[in-house]
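Student: This is protein.txt, which holds compact mmCIF, C-alpha atoms:
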```
# COMPACT_ATOMS: atom_id res chain seq x y z
CA MET A 1 18.77 26.62 -88.67
CA SER A 2 21.32 29.25 -89.58
CA ILE A 3 20.78 31.41 -86.49
CA GLY A 4 23.73 30.78 -84.19
CA LEU A 5 24.67 31.75 -80.69
CA ASN A 6 26.51 34.80 -82.02
CA HIS A 7 23.35 36.29 -83.48
CA PHE A 8 21.66 36.26 -80.10
CA LEU A 9 24.78 37.61 -78.40
CA ILE A 10 24.99 40.50 -80.86
CA VAL A 11 21.35 41.40 -80.20
CA ALA A 12 22.00 41.24 -76.46
CA ALA A 13 25.11 43.41 -76.79
CA LEU A 14 23.21 45.94 -78.89
CA LEU A 15 20.40 46.16 -76.34
CA PHE A 16 22.88 46.46 -73.48
CA SER A 17 24.89 49.20 -75.17
CA ILE A 18 21.75 51.17 -76.07
CA GLY A 19 20.68 51.02 -72.42
CA PHE A 20 24.17 52.05 -71.36
CA PHE A 21 24.24 55.06 -73.69
CA GLY A 22 20.81 56.04 -72.45
CA MET A 23 22.17 55.89 -68.92
CA LEU A 24 24.98 58.28 -69.90
CA LEU A 25 22.99 60.68 -72.04
CA ARG A 26 19.57 61.03 -70.43
CA ARG A 27 18.71 63.25 -67.45
CA ASN A 28 15.21 62.10 -66.50
CA VAL A 29 15.46 59.64 -63.59
CA LEU A 30 12.45 57.65 -64.79
CA VAL A 31 14.12 57.06 -68.15
CA LEU A 32 17.36 56.20 -66.32
CA LEU A 33 15.51 53.45 -64.43
CA MET A 34 14.04 52.21 -67.72
CA CYS A 35 17.56 52.05 -69.17
CA VAL A 36 18.63 49.89 -66.21
CA GLU A 37 15.73 47.57 -67.01
CA LEU A 38 16.85 47.48 -70.64
CA MET A 39 20.36 46.41 -69.62
CA LEU A 40 19.01 43.69 -67.31
CA ASN A 41 16.80 42.49 -70.14
CA ALA A 42 19.77 42.31 -72.52
CA SER A 43 21.66 40.18 -70.02
CA THR A 44 18.70 37.81 -69.75
CA VAL A 45 18.62 37.38 -73.54
CA ALA A 46 22.32 36.45 -73.50
CA LEU A 47 21.83 34.04 -70.58
CA VAL A 48 18.91 32.22 -72.22
CA ALA A 49 20.87 31.90 -75.47
CA PHE A 50 23.90 30.46 -73.65
CA SER A 51 21.66 28.12 -71.70
CA ARG A 52 19.96 26.78 -74.84
CA TYR A 53 23.12 26.43 -76.90
CA THR A 54 25.08 24.63 -74.19
CA ASP A 55 22.07 22.49 -73.22
CA GLN A 56 22.39 23.39 -69.54
CA MET A 57 19.56 24.59 -67.35
CA ASP A 58 21.53 26.96 -65.10
CA GLY A 59 21.39 30.03 -67.34
CA ALA A 60 17.62 29.82 -67.54
CA MET A 61 17.44 29.63 -63.75
CA PHE A 62 19.59 32.75 -63.48
CA VAL A 63 17.12 34.53 -65.74
CA PHE A 64 14.36 33.52 -63.34
CA PHE A 65 16.18 35.18 -60.46
CA ILE A 66 17.15 38.22 -62.53
CA ILE A 67 13.51 38.87 -63.38
CA THR A 68 12.55 38.66 -59.69
CA VAL A 69 15.33 40.99 -58.60
CA ALA A 70 14.50 43.44 -61.38
CA ALA A 71 10.88 43.61 -60.26
CA ALA A 72 11.92 44.29 -56.65
CA GLU A 73 14.42 46.90 -57.85
CA VAL A 74 11.82 48.73 -59.90
CA ALA A 75 9.39 48.83 -56.97
CA VAL A 76 11.98 50.33 -54.61
CA GLY A 77 13.43 52.64 -57.28
CA LEU A 78 10.05 54.07 -58.17
CA ALA A 79 9.22 54.61 -54.50
CA ILE A 80 12.51 56.52 -54.13
CA ILE A 81 11.71 58.57 -57.24
CA VAL A 82 8.24 59.46 -55.93
CA SER A 83 9.60 60.60 -52.57
CA LEU A 84 12.36 62.59 -54.31
CA TYR A 85 9.76 64.23 -56.52
CA ARG A 86 7.76 65.21 -53.44
CA ARG A 87 10.80 66.93 -52.01
CA LYS A 88 12.24 68.63 -55.12
CA GLN A 89 9.26 68.85 -57.51
CA SER A 90 11.58 67.75 -60.29
CA LEU A 91 12.61 64.57 -62.11
CA MET A 92 15.91 65.83 -63.52
CA ALA A 93 19.06 64.19 -62.24
CA GLU A 94 20.92 67.55 -61.95
CA ASP A 95 18.43 68.74 -59.34
CA TYR A 96 19.39 65.92 -56.99
CA ALA A 97 22.87 67.34 -56.32
CA THR A 98 22.44 67.91 -52.59
CA LEU A 99 25.56 65.91 -51.72
CA LYS A 100 27.72 67.86 -54.18
CA ASN A 101 29.90 70.65 -52.62
CA MET B 1 13.56 29.38 -92.30
CA VAL B 2 10.54 30.70 -90.42
CA ASN B 3 12.70 30.86 -87.33
CA ASP B 4 15.28 32.97 -89.16
CA ILE B 5 12.69 35.47 -90.32
CA LEU B 6 11.15 35.59 -86.84
CA PHE B 7 14.56 36.12 -85.25
CA TYR B 8 15.44 39.05 -87.50
CA LEU B 9 11.99 40.58 -87.11
CA LEU B 10 11.98 40.32 -83.31
CA SER B 11 15.56 41.58 -83.00
CA ALA B 12 14.84 44.55 -85.26
CA VAL B 13 11.76 45.45 -83.21
CA ALA B 14 13.64 45.05 -79.93
CA VAL B 15 16.62 47.16 -80.98
CA GLY B 16 14.47 49.80 -82.68
CA ALA B 17 12.22 50.14 -79.65
CA ALA B 18 15.27 50.36 -77.38
CA LEU B 19 16.67 53.18 -79.54
CA ALA B 20 13.31 54.95 -79.41
CA LEU B 21 13.26 54.52 -75.60
CA VAL B 22 16.54 56.40 -75.31
CA CYS B 23 15.79 59.07 -77.93
CA VAL B 24 12.14 59.95 -77.25
CA ARG B 25 11.54 62.92 -74.91
CA ASN B 26 8.22 61.94 -73.36
CA PRO B 27 8.67 59.36 -70.53
CA LEU B 28 5.25 57.85 -71.33
CA THR B 29 6.39 57.01 -74.87
CA SER B 30 9.61 55.64 -73.38
CA ALA B 31 7.59 53.30 -71.16
CA MET B 32 5.62 52.02 -74.16
CA CYS B 33 8.89 51.46 -76.07
CA LEU B 34 10.19 49.50 -73.06
CA LEU B 35 7.06 47.36 -73.28
CA LEU B 36 7.74 46.67 -76.97
CA THR B 37 11.35 45.71 -76.25
CA ILE B 38 10.29 43.36 -73.47
CA VAL B 39 7.66 41.63 -75.57
CA SER B 40 10.13 41.11 -78.43
CA ALA B 41 12.68 39.75 -75.96
CA ALA B 42 9.98 37.34 -74.78
CA GLY B 43 9.58 36.30 -78.42
CA LEU B 44 13.33 35.65 -78.61
CA PHE B 45 12.99 33.46 -75.49
CA GLY B 46 10.27 31.55 -77.33
CA LEU B 47 12.59 31.04 -80.31
CA LEU B 48 15.10 29.56 -77.85
CA ASP B 49 12.45 27.08 -76.57
CA ALA B 50 12.27 28.81 -73.17
CA TRP B 51 8.49 29.15 -73.22
CA PHE B 52 8.12 29.36 -69.47
CA LEU B 53 10.58 32.25 -69.27
CA ALA B 54 8.76 34.00 -72.10
CA ILE B 55 5.50 33.81 -70.16
CA VAL B 56 7.17 34.95 -66.93
CA GLN B 57 8.82 37.81 -68.80
CA ILE B 58 5.50 39.04 -70.15
CA LEU B 59 3.66 38.56 -66.83
CA VAL B 60 6.28 40.20 -64.61
CA TYR B 61 7.80 42.81 -66.89
CA ALA B 62 4.91 43.81 -69.12
CA GLY B 63 2.28 43.14 -66.49
CA ALA B 64 3.90 44.62 -63.40
CA VAL B 65 7.04 46.63 -64.16
CA VAL B 66 5.79 48.66 -67.12
CA VAL B 67 2.46 49.28 -65.40
CA LEU B 68 4.34 50.61 -62.35
CA PHE B 69 6.39 52.87 -64.63
CA LEU B 70 3.21 54.16 -66.27
CA PHE B 71 1.58 54.79 -62.87
CA VAL B 72 4.51 56.82 -61.61
CA THR B 73 4.95 58.69 -64.90
CA MET B 74 1.33 59.75 -64.81
CA MET B 75 1.48 60.62 -61.10
CA VAL B 76 4.38 63.03 -61.39
CA ASP B 77 4.15 66.13 -63.53
CA THR B 78 6.35 65.81 -66.59
CA ASP B 79 5.00 68.60 -68.76
CA ASP B 80 7.95 70.96 -68.76
CA MET B 81 10.81 68.85 -70.03
CA PRO B 82 13.83 70.98 -70.91
CA ARG B 83 15.88 70.05 -73.96
CA ILE B 84 18.43 67.34 -73.40
CA LYS B 85 21.81 68.90 -72.76
CA VAL B 86 24.64 66.38 -73.03
CA SER B 87 27.40 67.16 -70.58
CA TRP B 88 31.02 67.15 -71.74
CA ALA B 89 32.08 64.24 -69.53
CA GLY B 90 29.01 62.23 -70.46
CA GLY B 91 29.70 62.73 -74.18
CA VAL B 92 33.32 61.62 -73.85
CA ALA B 93 32.28 58.58 -71.81
CA ALA B 94 29.64 57.70 -74.41
CA VAL B 95 32.18 57.90 -77.28
CA ILE B 96 34.74 55.77 -75.41
CA SER B 97 32.18 53.15 -74.44
CA PHE B 98 30.83 53.12 -77.99
CA LEU B 99 34.35 52.35 -79.26
CA LEU B 100 34.74 49.56 -76.68
CA VAL B 101 31.39 47.98 -77.56
CA GLY B 102 32.29 48.34 -81.26
CA THR B 103 35.46 46.36 -80.58
CA ILE B 104 33.36 43.59 -79.05
CA PHE B 105 31.08 43.51 -82.12
CA VAL B 106 33.99 43.45 -84.57
CA SER B 107 35.71 40.64 -82.69
CA VAL B 108 32.48 38.63 -82.49
CA ILE B 109 31.83 39.08 -86.21
CA ILE B 110 35.42 38.19 -87.13
CA HIS B 111 35.31 35.04 -85.03
CA ALA B 112 31.80 34.14 -86.16
CA GLY B 113 31.64 30.63 -87.56
CA GLN B 114 34.69 29.45 -85.62
CA SER B 115 33.81 26.94 -82.93
CA VAL B 116 30.22 28.11 -82.69
CA PRO B 117 28.17 25.33 -81.09
CA ALA B 118 25.27 24.14 -83.19
CA LEU B 119 21.82 24.26 -81.66
CA PRO B 120 21.54 20.96 -79.77
CA GLU B 121 18.42 18.92 -80.14
CA LEU B 122 16.31 18.96 -77.00
CA GLY B 123 16.92 15.83 -74.95
CA SER B 124 19.56 14.55 -77.38
CA ASN B 125 21.93 13.57 -74.58
CA PRO B 126 20.11 11.36 -72.02
CA GLU B 127 23.15 11.39 -69.70
CA ASN B 128 22.89 15.14 -69.26
CA THR B 129 20.65 15.28 -66.20
CA LEU B 130 20.49 19.08 -66.20
CA ALA B 131 19.62 19.37 -69.88
CA PHE B 132 17.65 22.35 -71.06
CA GLY B 133 14.00 21.66 -70.36
CA GLN B 134 10.93 23.31 -71.81
CA THR B 135 8.55 22.24 -69.09
CA VAL B 136 7.79 24.04 -65.85
CA LYS B 137 8.79 20.83 -64.06
CA SER B 138 12.43 21.21 -65.06
CA TYR B 139 12.48 24.71 -63.57
CA GLY B 140 10.74 23.67 -60.37
CA GLN B 141 13.00 20.69 -59.86
CA LEU B 142 16.14 22.85 -60.00
CA LEU B 143 14.53 25.60 -57.95
CA PHE B 144 13.88 23.25 -55.04
CA THR B 145 17.15 21.31 -55.20
CA LYS B 146 20.20 23.04 -56.59
CA TYR B 147 19.00 26.62 -56.15
CA MET B 148 17.12 26.22 -52.87
CA LEU B 149 19.23 28.80 -51.01
CA ALA B 150 18.92 31.36 -53.79
CA PHE B 151 15.19 30.74 -53.89
CA GLN B 152 14.82 31.40 -50.17
CA LEU B 153 17.00 34.51 -50.39
CA THR B 154 14.83 35.79 -53.24
CA GLY B 155 11.83 35.48 -50.96
CA VAL B 156 13.61 37.50 -48.28
CA LEU B 157 14.58 40.08 -50.91
CA LEU B 158 10.97 40.47 -52.04
CA LEU B 159 9.86 40.92 -48.42
CA MET B 160 12.53 43.57 -47.89
CA ALA B 161 11.49 45.36 -51.09
CA MET B 162 7.87 45.37 -49.95
CA LEU B 163 8.76 46.78 -46.50
CA GLY B 164 11.11 49.31 -48.10
CA VAL B 165 8.41 50.60 -50.41
CA ILE B 166 5.95 50.92 -47.53
CA VAL B 167 8.47 52.88 -45.43
CA LEU B 168 9.57 55.07 -48.35
CA SER B 169 6.10 56.06 -49.41
CA LYS B 170 4.99 57.27 -45.98
CA ARG B 171 5.14 60.97 -45.36
CA MET B 172 7.50 61.66 -42.47
CA ASN B 173 7.85 64.95 -40.60
CA ALA B 174 11.09 66.32 -39.18
CA GLU B 175 11.02 64.10 -36.08
CA GLY B 176 10.57 60.98 -38.17
CA ARG B 177 6.93 60.55 -37.17
CA VAL B 178 4.37 59.54 -39.74
CA GLU B 179 2.22 62.53 -40.58
CA PRO B 180 -1.55 62.07 -40.58
CA SER B 181 -3.11 62.26 -44.01
CA ALA B 182 -4.35 65.65 -45.13
CA PRO B 183 -7.98 66.43 -44.22
CA LYS B 184 -10.47 66.04 -47.01
CA LYS B 185 -11.84 69.22 -48.52
```
Take the structure I supplied and represent it as structure tokens, if you would.
Tutor:
Amino acid sequence: MSIGLNHFLIVAALLFSIGFFGMLLRRNVLVLLMCVELMLNASTVALVAFSRYTDQMDGAMFVFFIITVAAAEVAVGLAIIVSLYRRKQSLMAEDYATLKN
Amino acid sequence: MVNDILFYLLSAVAVGAALALVCVRNPLTSAMCLLLTIVSAAGLFGLLDAWFLAIVQILVYAGAVVVLFLFVTMMVDTDDMPRIKVSWAGGVAAVISFLLVGTIFVSVIIHAGQSVPALPELGSNPENTLAFGQTVKSYGQLLFTKYMLAFQLTGVLLLMAMLGVIVLSKRMNAEGRVEPSAPKK
């Protein structure tokens, strides 16, 4: 098999950087939360690849916990977004600048 | 050979869907692109013999997380999306981080082939007691021995998330009391 560890790491890095650029460039808070999920997902791909190529189980276990934490994070984040939307009637990150000035 | 083709196919779908997620203006389309990325990542897990993680990924991410995103996207009104305006600082930060990530890629590609471990056969080393296992048993065994504390803490975290969501989604008035629900019309 000619697919090595580096191939998986490059895919993971690409996914992570795309999520990161989305984080910097987008304004919609829902899409921002999706970009966070994308970055977490990229890290899980890298962890599973490391785990398989070093023949150790620990990386796969970390992925297990990462998935759990990501699910909890999405639930709380979406609840925060819904209550923010109730207050401001907007989903744009610029409108949540109450603490500025 | 089949694995190679599958790897390139799944990676192309994952990266393409991730790009679409960032570039598309409608949040609903973004959520569907996130679903595509997650499913292709699950396929990559399958290529790495982590079948259990692939199933968990699809159940938890595609089954719960993306559905939650879709619920909330449809609940809030997203009709009037203004054009994306990239701020000056954000643009500069994006360029700098792009250069940094590019450096990582170039260094990985230059060093590719040097001291890259070959894919070990499953169960090739019987002395390795924590070898990568495909079965659910190997996950459960570690979960209840080596990672017992983390497992318990994850349970506490899930409980806290549940309570947090309940508290956050109640309507409070100025005194912090829960308001009664609006009368039906």
Student: Could you tell me how far CA of Gly140 in chain B lies from CA of Thr44 in chain A, in Å and to one decimal?
Tutor: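 One can read the CA of Gly140 in chain B to CA of Thr44 in chain A distance as 18.7 Å.
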Student: Please check which residues have atoms at most 6 Å from (16.1, 31.3, -79.7) in the file's coordinates, counting only C-alpha atoms, and write them as a PyMOL selection string.
Tutor: chain B and resi 44-45+47-48
Student: Write a file of the just-selected residues containing C-alpha atoms, as a short mmCIF file (atom, residue, chain, number, x, y, z; two decimals), in the frame of the given file.
Tutor:
```cif
data_model
loop_
_atom_site.label_atom_id
_atom_site.label_comp_id
_atom_site.auth_asym_id
_atom_site.auth_seq_id
_atom_site.Cartn_x
_atom_site.Cartn_y
_atom_site.Cartn_z
CA LEU B 44 13.33 35.65 -78.61
CA PHE B 45 12.99 33.46 -75.49
CA LEU B 47 12.59 31.04 -80.31
CA LEU B 48 15.10 29.56 -77.85
#
```
Student: May I have the residues within 9 Å of Ala62 in chain B as an mmCIF file with C-alpha atoms, keeping the file's coordinate frame, using only C-alpha atoms and disregarding those fewer than 6 positions away in the same chain?
Tutor:
```cif
data_model
loop_
_atom_site.group_PDB
_atom_site.id
_atom_site.type_symbol
_atom_site.label_atom_id
_atom_site.label_comp_id
_atom_site.auth_asym_id
_atom_site.auth_seq_id
_atom_site.Cartn_x
_atom_site.Cartn_y
_atom_site.Cartn_z
ATOM 1 C CA LEU B 34 10.190 49.500 -73.060
ATOM 2 C CA LEU B 35 7.060 47.360 -73.280
ATOM 3 C CA LEU B 36 7.740 46.670 -76.970
ATOM 4 C CA ILE B 38 10.290 43.360 -73.470
ATOM 5 C CA VAL B 39 7.660 41.630 -75.570
#
```
Student: Name the closest residue to Val65 in chain B among the candidates B:Leu100, B:Leu142, B:Ala31, B:Val136; distances are taken between atoms, counting only C-alpha atoms.
Tutor: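 Going through B:Leu100, B:Leu142, B:Ala31, B:Val136 one by one, the smallest distance to Val65 in chain B is for B:Ala31.
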Student: Using all atoms listed in the file, which residue out of B:Val156, B:Met1, B:Leu10, B:Met32 lies closest to chain A?
Tutor: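 Between B:Val156, B:Met1, B:Leu10, B:Met32, the residue approaching chain A most closely is B:Met1.
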Student: Which is closer to Arg25 in chain B than all the others in A:Arg26, A:Arg87, A:Arg52, A:Lys100, using only C-alpha atoms?
Tutor: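 Looking at the shortest contact to Arg25 in chain B, the residue is A:Arg26.
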Student: Can you work out which residues from chain A touch chain B at a cut-off of 8 Å (counting all atoms listed in the file) and hand them back as an mmCIF file with C-alpha atoms, in the frame of the given file?
Tutor:
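So the final result, stored in out.cif, reads:
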```cif
data_model
loop_
_atom_site.group_PDB
_atom_site.id
_atom_site.type_symbol
_atom_site.label_atom_id
_atom_site.label_comp_id
_atom_site.auth_asym_id
_atom_site.auth_seq_id
_atom_site.Cartn_x
_atom_site.Cartn_y
_atom_site.Cartn_z
ATOM 1 C CA MET A 1 18.770 26.620 -88.670
ATOM 2 C CA SER A 2 21.320 29.250 -89.580
ATOM 3 C CA ILE A 3 20.780 31.410 -86.490
ATOM 4 C CA GLY A 4 23.730 30.780 -84.190
ATOM 5 C CA LEU A 5 24.670 31.750 -80.690
ATOM 6 C CA ASN A 6 26.510 34.800 -82.020
ATOM 7 C CA ILE A 10 24.990 40.500 -80.860
ATOM 8 C CA VAL A 11 21.350 41.400 -80.200
ATOM 9 C CA ALA A 13 25.110 43.410 -76.790
ATOM 10 C CA LEU A 14 23.210 45.940 -78.890
ATOM 11 C CA LEU A 15 20.400 46.160 -76.340
ATOM 12 C CA SER A 17 24.890 49.200 -75.170
ATOM 13 C CA ILE A 18 21.750 51.170 -76.070
ATOM 14 C CA GLY A 19 20.680 51.020 -72.420
ATOM 15 C CA PHE A 21 24.240 55.060 -73.690
ATOM 16 C CA GLY A 22 20.810 56.040 -72.450
ATOM 17 C CA LEU A 24 24.980 58.280 -69.900
ATOM 18 C CA LEU A 25 22.990 60.680 -72.040
ATOM 19 C CA ARG A 26 19.570 61.030 -70.430
ATOM 20 C CA ARG A 27 18.710 63.250 -67.450
ATOM 21 C CA LEU A 30 12.450 57.650 -64.790
ATOM 22 C CA VAL A 31 14.120 57.060 -68.150
ATOM 23 C CA MET A 34 14.040 52.210 -67.720
ATOM 24 C CA CYS A 35 17.560 52.050 -69.170
ATOM 25 C CA LEU A 38 16.850 47.480 -70.640
ATOM 26 C CA ASN A 41 16.800 42.490 -70.140
ATOM 27 C CA VAL A 45 18.620 37.380 -73.540
ATOM 28 C CA VAL A 48 18.910 32.220 -72.220
ATOM 29 C CA ALA A 49 20.870 31.900 -75.470
ATOM 30 C CA SER A 51 21.660 28.120 -71.700
ATOM 31 C CA ARG A 52 19.960 26.780 -74.840
ATOM 32 C CA TYR A 53 23.120 26.430 -76.900
ATOM 33 C CA THR A 54 25.080 24.630 -74.190
ATOM 34 C CA ASP A 55 22.070 22.490 -73.220
ATOM 35 C CA GLN A 56 22.390 23.390 -69.540
ATOM 36 C CA MET A 57 19.560 24.590 -67.350
ATOM 37 C CA ALA A 60 17.620 29.820 -67.540
ATOM 38 C CA MET A 61 17.440 29.630 -63.750
ATOM 39 C CA VAL A 63 17.120 34.530 -65.740
ATOM 40 C CA PHE A 64 14.360 33.520 -63.340
ATOM 41 C CA PHE A 65 16.180 35.180 -60.460
ATOM 42 C CA ILE A 67 13.510 38.870 -63.380
ATOM 43 C CA THR A 68 12.550 38.660 -59.690
ATOM 44 C CA VAL A 69 15.330 40.990 -58.600
ATOM 45 C CA ALA A 71 10.880 43.610 -60.260
ATOM 46 C CA ALA A 72 11.920 44.290 -56.650
ATOM 47 C CA GLU A 73 14.420 46.900 -57.850
ATOM 48 C CA VAL A 74 11.820 48.730 -59.900
ATOM 49 C CA ALA A 75 9.390 48.830 -56.970
ATOM 50 C CA VAL A 76 11.980 50.330 -54.610
ATOM 51 C CA LEU A 78 10.050 54.070 -58.170
ATOM 52 C CA ALA A 79 9.220 54.610 -54.500
ATOM 53 C CA ILE A 80 12.510 56.520 -54.130
ATOM 54 C CA VAL A 82 8.240 59.460 -55.930
ATOM 55 C CA SER A 83 9.600 60.600 -52.570
ATOM 56 C CA TYR A 85 9.760 64.230 -56.520
ATOM 57 C CA LEU A 91 12.610 64.570 -62.110
#
```
Student: How many Å lie between CA of Leu59 in chain B and CA of Ala70 in chain A, rounded to one decimal?
Tutor: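 CA of Leu59 in chain B sits 13.1 Å away from CA of Ala70 in chain A.
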Student: In Å to one decimal, how far is CA of Leu47 in chain A from CA of Gln141 in chain B?
Tutor: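 Separating CA of Gln141 in chain B from CA of Leu47 in chain A is a distance of 19.3 Å.
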Student: Pick out the closest residue to Glu94 in chain A from this set: A:Met23, A:Val29, A:Phe62, A:Gly77. Count all atoms listed in the file.
Tutor: A:Val29
Student: Would you mind completing range 40-56 of chain A to N, CA, C and O atoms and writing the output as an mmCIF file, in the coordinates of the input?
Tutor:
```cif
data_model
loop_
_atom_site.group_PDB
_atom_site.id
_atom_site.type_symbol
_atom_site.label_atom_id
_atom_site.label_comp_id
_atom_site.auth_asym_id
_atom_site.auth_seq_id
_atom_site.Cartn_x
_atom_site.Cartn_y
_atom_site.Cartn_z
ATOM 1 N N LEU A 40 19.304 44.983 -67.942
ATOM 2 C CA LEU A 40 19.010 43.690 -67.310
ATOM 3 C C LEU A 40 18.378 42.733 -68.320
ATOM 4 O O LEU A 40 18.718 41.547 -68.380
ATOM 5 N N ASN A 41 17.487 43.294 -69.150
ATOM 6 C CA ASN A 41 16.800 42.490 -70.140
ATOM 7 C C ASN A 41 17.786 41.936 -71.170
ATOM 8 O O ASN A 41 17.693 40.775 -71.582
ATOM 9 N N ALA A 42 18.749 42.767 -71.574
ATOM 10 C CA ALA A 42 19.770 42.310 -72.520
ATOM 11 C C ALA A 42 20.565 41.156 -71.932
ATOM 12 O O ALA A 42 20.847 40.158 -72.611
ATOM 13 N N SER A 43 20.896 41.269 -70.640
ATOM 14 C CA SER A 43 21.660 40.180 -70.020
ATOM 15 C C SER A 43 20.826 38.900 -69.967
ATOM 16 O O SER A 43 21.358 37.800 -70.143
ATOM 17 N N THR A 44 19.507 39.024 -69.777
ATOM 18 C CA THR A 44 18.700 37.810 -69.750
ATOM 19 C C THR A 44 18.657 37.148 -71.128
ATOM 20 O O THR A 44 18.683 35.923 -71.221
ATOM 21 N N VAL A 45 18.613 37.970 -72.193
ATOM 22 C CA VAL A 45 18.620 37.380 -73.540
ATOM 23 C C VAL A 45 19.906 36.577 -73.746
ATOM 24 O O VAL A 45 19.878 35.432 -74.217
ATOM 25 N N ALA A 46 21.043 37.163 -73.347
ATOM 26 C CA ALA A 46 22.320 36.450 -73.500
ATOM 27 C C ALA A 46 22.330 35.167 -72.683
ATOM 28 O O ALA A 46 22.783 34.115 -73.160
ATOM 29 N N LEU A 47 21.803 35.233 -71.450
ATOM 30 C CA LEU A 47 21.830 34.040 -70.580
ATOM 31 C C LEU A 47 20.964 32.923 -71.145
ATOM 32 O O LEU A 47 21.371 31.752 -71.131
ATOM 33 N N VAL A 48 19.767 33.274 -71.655
ATOM 34 C CA VAL A 48 18.910 32.220 -72.220
ATOM 35 C C VAL A 48 19.570 31.603 -73.443
ATOM 36 O O VAL A 48 19.537 30.379 -73.640
ATOM 37 N N ALA A 49 20.222 32.442 -74.281
ATOM 38 C CA ALA A 49 20.870 31.900 -75.470
ATOM 39 C C ALA A 49 22.002 30.947 -75.077
ATOM 40 O O ALA A 49 22.108 29.833 -75.622
ATOM 41 N N PHE A 50 22.829 31.353 -74.117
ATOM 42 C CA PHE A 50 23.900 30.460 -73.650
ATOM 43 C C PHE A 50 23.324 29.163 -73.118
ATOM 44 O O PHE A 50 23.815 28.070 -73.409
ATOM 45 N N SER A 51 22.259 29.292 -72.322
ATOM 46 C CA SER A 51 21.660 28.120 -71.700
ATOM 47 C C SER A 51 21.156 27.145 -72.750
ATOM 48 O O SER A 51 21.379 25.931 -72.651
ATOM 49 N N ARG A 52 20.518 27.666 -73.812
ATOM 50 C CA ARG A 52 19.960 26.780 -74.840
ATOM 51 C C ARG A 52 21.070 26.158 -75.678
ATOM 52 O O ARG A 52 21.000 24.981 -76.027
ATOM 53 N N TYR A 53 22.094 26.940 -75.994
ATOM 54 C CA TYR A 53 23.120 26.430 -76.900
ATOM 55 C C TYR A 53 24.115 25.517 -76.218
ATOM 56 O O TYR A 53 24.829 24.776 -76.884
ATOM 57 N N THR A 54 24.217 25.591 -74.886
ATOM 58 C CA THR A 54 25.080 24.630 -74.190
ATOM 59 C C THR A 54 24.281 23.500 -73.566
ATOM 60 O O THR A 54 24.861 22.630 -72.933
ATOM 61 N N ASP A 55 22.945 23.541 -73.727
ATOM 62 C CA ASP A 55 22.070 22.490 -73.220
ATOM 63 C C ASP A 55 22.206 22.314 -71.709
ATOM 64 O O ASP A 55 22.202 21.203 -71.199
ATOM 65 N N GLN A 56 22.357 23.430 -70.999
ATOM 66 C CA GLN A 56 22.390 23.390 -69.540
ATOM 67 C C GLN A 56 21.260 24.258 -69.016
ATOM 68 O O GLN A 56 20.895 25.252 -69.631
#
```
